[in-house]
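Structure first, then comments.
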Amino acid sequence: MPKTFEKIRREVLKRITPDAEKERYVFSLSEKLEKKVRAAVENAKIEAEVRVEGSVAKGTWLSQEPDIDIFMRLPITIAREQFGKIALKIAREATVGYEQLERFAEHPYLEAFVDDVRVNIVPCYKVSKGEWKSATDRTPYHTDYVRPLLNPELRAEIRLLKQFMKGTDVYGAEIKIGGFSGYLCELLVLNYKSFSNVLRAVAESKGRQVIDYEGFYRGRGRDLDLLFKEPIVIIDPVDKRRNAASAVRKERLDEFIAASRAFLTTPDRRFFFPAKTKLLTKERILNLIIERDSSLVFIKFGRVAAVPDVLWGQLYKSRRALRNLLLQNDFRIIRDAIWSNEKDMNLFIFELEQLSLPAIRRHNGPPLEKTKECESFLKKHLNAPDTLSGPMIENGRWIVETRRKILEADEFLELELKEGGRSSGVAEEISKAIRENFEILTDDLVVNLYESNSGFAEFLTNYYYGKPSWLRECGTRGLKA
């Protein structure tokens with residue numbers, strides 16, 4: 001690698017590697033919280049093993065974000081329906097007096113903020129290897145597998161990879177992001193031996209990427225292809241039946257590939273530490289709306305009764321349903337997006353080629369060989385009040401030109417969402433929130449929200465930039481296609 005890379009590498013490591021004082025503080029806090037959780041477990045009269053897991057246990061945490069993961073390995077005799085409730089009660093008692101937030105993966109867990117440090121208190125079952133009852137049961141085995149394989153040099157490489165992924169917005173396995181977990185960073189570095197080797201492998205990849213560090217499927221490529229269909233497959237060393245990268249969405253993988261190529265061509269520290277988004281002015285937003293000559297439709301609604309991971313799953317599902325609904329009714333979508341503050345405001349954004357449709361609509365009927373369907377079609381449309389022309393035969397099938405009842409996208413969505421949109425595929429909790437109250441905003445009507453909500457303003461600014469932060473900041477100098 002060129003000298004530029006080595007200089008950036010040293011600078012980044014200096015910022016992200018905890019010094020001795022920070023290490024003592026985090027380890028001391030981990031021990032203190034571990035004892036509190038153990039005491040709460042004893043108060044609940046449950047036999048459970050309490051352990052610190054994750055990046056703190058493995059020494060791969062970043063100085064500025066020392067997340068502490070404390071796991072309770074609960075007896076398998078506890079039923080699944082009680083598992084989450086018992087764990088949350090214990091976690092709340094252990095972190096009483098601190099900010100607490102219920103999270104949800106496969107089951108609930110507690111996120112707390114103790115002295116500005118994020119702490120996750122997570123339940124799992126104490127099972128033998130391979131006898132998993134919940135997804136988190138593997139985590140202690142992950143820690144025990146990775147820790148002996150690491151040394152200071154590999155820990156440094158893992159930290160570099162994590163920070164690069166954070167800086168390029170592909171880090172985080174939660175549903176909202178659909179990116180790479182810390183465990184995946186560790187496995188990638190173990191496999192390729194260094195941060196730069198990981199980037200090279202990704203940048204040069206052609207098609208699907210497969211890593212089988214333990215060689216479970218060596219000589220059995222057909223079996224692997226039958227079992228795993230995802231665009232990136234990293235076989236979990238503690239469970240050969242699991243793709244540890246199954247949560248990585250295709251778009252996150254693509255973004256990682258592009259960022260890796262760009263960095264290898266033109267190294268820049270801004271890939272690791274992008275500048276904060278510079279908000280566009282109100283006037284610039286208005287000008288962009290005019291210049292683009294498209295139509296923005298915002299569906300705004302309030303609080304959804306769901307923890308963040310469930311919320312985002314339902315938001316993504318509902319966006320797909322609404323996208324299909326618009327497309328099926330001839331509204332042409334340029335781009336769509338979601339914004340949420342995960343508290344009391346959520347928005348679906350659809351940018352359409354045009355807000356209004358023509359009054360006339362062509363409707364294709366059945367082919368002539370389907371006799372019964374043709375009879376039904378003719379009965380429905382012949383002399384119907386909304387039939388403008390036809391029925392007529394074109395290319396071996398009946399067609400009719402009808403008058404649309406609703407021409408405006410905002411009016412169409414108002415009607416479809418009046419009862420929550422469940423019949424159109426909107427997810428249950430989203431539908432409930434929409435039924436309680438929703439608002440359709442179009443084009444410049446969103447400017448008031450832009451001025452009053454900094455989080456939404458940052459989102460909309462990034463929407464209009466429409467490019468990764470590293471590409472926006474570092475330009476295209478020297479970048480390969």
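Within each chain, counting starts at residue 1; across the structure tokens, chains are named A, B, ... in the order shown, with ligands numbered 1 upward in that order.
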
request  = Tell me which protein, DNA and RNA residues are within 7 Å of range 243-257 of chain A, counting only C-alpha atoms, leaving out same-chain ones fewer than 3 positions away, and put them as a list in words.
outcome  =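 Residues meeting the cut-off are Val170, Ala173, Gly178, Gly179, Phe180, Leu184, Val202, Ala203, Glu230, Pro231, Ile232, Val233, Ile234, Ile235, Asp236, Ser260 and Arg261 of chain A.
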
query = Can you list every residue in range 387-461 of chain A that DSSP puts in strand (DSSP E or B), as a ChimeraX atom specification?
reply = /A:387-394,397-403,408,438-442

request  = Could you check which of A:Ala57, A:Ile440, A:Val96, A:Ile121 is closest to Ile70 in chain A, using only C-alpha atoms?
outcome  =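 Residue with the minimum atom-to-atom distance to Ile70 in chain A: A:Ile121.
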
ask   = Neighbours of Val146 in chain A within 10 Å (only C-alpha atoms; same-chain residues fewer than 2 positions away dropped), as a ChimeraX atom specification?
value = /A:58,141-144,148-150,183,186-187,190,237

inquiry  = Would you pick out the contacts of Ile68 in chain A at 9 Å or less, using only C-alpha atoms, so that residues sharing its chain but fewer than 4 positions from it are not included, and give the list as a count of residues only?
reply    = 14

request  = Run DSSP on the backbone of this structure and report the residues of range 181-320 of chain A it assigns to helix (DSSP H, G or I), as a PyMOL selection string.
outcome  = chain A and resi 182-192+195-203+221-227+250-265+269-271+282-292+308-320

Could those selected residues go to a file with C-alpha atoms, as a CSV table (one decimal), in the first residue's frame?
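Output below, filename out.csv:
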chain,number,residue,atom,x,y,z
A,182,GLY,CA,-18.8,-6.7,14.6
A,183,TYR,CA,-18.6,-10.5,14.5
A,184,LEU,CA,-18.5,-10.4,10.7
A,185,CYS,CA,-15.7,-7.8,10.9
A,186,GLU,CA,-13.8,-10.2,13.1
A,187,LEU,CA,-14.4,-13.2,10.8
A,188,LEU,CA,-13.4,-11.2,7.7
A,189,VAL,CA,-10.1,-10.1,9.2
A,190,LEU,CA,-9.4,-13.6,10.5
A,191,ASN,CA,-9.9,-15.0,7.0
A,192,TYR,CA,-8.0,-12.3,5.1
A,195,PHE,CA,-8.0,-4.7,6.8
A,196,SER,CA,-6.4,-3.9,3.4
A,197,ASN,CA,-6.7,-7.5,2.3
A,198,VAL,CA,-10.4,-7.5,3.2
A,199,LEU,CA,-10.9,-4.4,1.0
A,200,ARG,CA,-9.0,-6.0,-1.9
A,201,ALA,CA,-10.9,-9.2,-1.7
A,202,VAL,CA,-14.2,-7.3,-1.7
A,203,ALA,CA,-13.2,-4.9,-4.4
A,221,GLY,CA,-19.7,-26.5,-3.1
A,222,ARG,CA,-23.0,-27.9,-4.4
A,223,ASP,CA,-24.3,-28.5,-0.9
A,224,LEU,CA,-23.3,-25.0,0.1
A,225,ASP,CA,-25.1,-23.5,-2.9
A,226,LEU,CA,-28.3,-25.4,-2.1
A,227,LEU,CA,-28.3,-24.4,1.6
A,250,LYS,CA,-27.6,-6.6,-1.1
A,251,GLU,CA,-27.5,-2.8,-1.2
A,252,ARG,CA,-25.2,-2.7,1.9
A,253,LEU,CA,-22.9,-5.2,0.3
A,254,ASP,CA,-22.8,-3.2,-3.0
A,255,GLU,CA,-22.0,0.0,-1.1
A,256,PHE,CA,-19.2,-1.8,0.7
A,257,ILE,CA,-17.8,-3.0,-2.6
A,258,ALA,CA,-17.9,0.4,-4.1
A,259,ALA,CA,-16.4,2.1,-1.1
A,260,SER,CA,-13.6,-0.5,-0.9
A,261,ARG,CA,-12.7,0.1,-4.6
A,262,ALA,CA,-12.7,3.9,-4.1
A,263,PHE,CA,-10.6,3.8,-1.0
A,264,LEU,CA,-8.0,1.5,-2.5
A,265,THR,CA,-7.7,3.8,-5.5
A,269,ARG,CA,-9.4,9.6,6.1
A,270,ARG,CA,-12.9,10.8,5.3
A,271,PHE,CA,-13.9,7.2,4.5
A,282,LYS,CA,-34.9,26.3,2.8
A,283,GLU,CA,-34.6,28.3,-0.4
A,284,ARG,CA,-32.3,25.6,-1.9
A,285,ILE,CA,-34.8,22.8,-1.0
A,286,LEU,CA,-37.6,24.8,-2.7
A,287,ASN,CA,-35.4,25.4,-5.8
A,288,LEU,CA,-34.5,21.6,-6.0
A,289,ILE,CA,-38.2,20.8,-5.9
A,290,ILE,CA,-38.8,23.1,-8.8
A,291,GLU,CA,-35.6,22.0,-10.7
A,292,ARG,CA,-36.4,18.3,-10.5
A,308,PRO,CA,-37.1,-0.1,17.0
A,309,ASP,CA,-36.2,-3.4,15.3
A,310,VAL,CA,-39.9,-4.4,14.9
A,311,LEU,CA,-40.7,-0.8,13.9
A,312,TRP,CA,-38.2,-0.9,11.0
A,313,GLY,CA,-39.2,-4.3,9.9
A,314,GLN,CA,-42.8,-3.1,9.6
A,315,LEU,CA,-41.8,0.2,8.0
A,316,TYR,CA,-39.9,-1.7,5.2
A,317,LYS,CA,-42.8,-4.1,4.7
A,318,SER,CA,-45.3,-1.3,4.5
A,319,ARG,CA,-43.1,0.7,2.1
A,320,ARG,CA,-43.1,-2.3,-0.3

ask   = To one decimal place, how far is CA of Trp61 in chain A from CA of Lys193 in chain A in Å?
value = 18.0 Å

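The gap separating CA of Phe228 in chain A from CA of Ile177 in chain A is 21.2 Å, in Å to one decimal.
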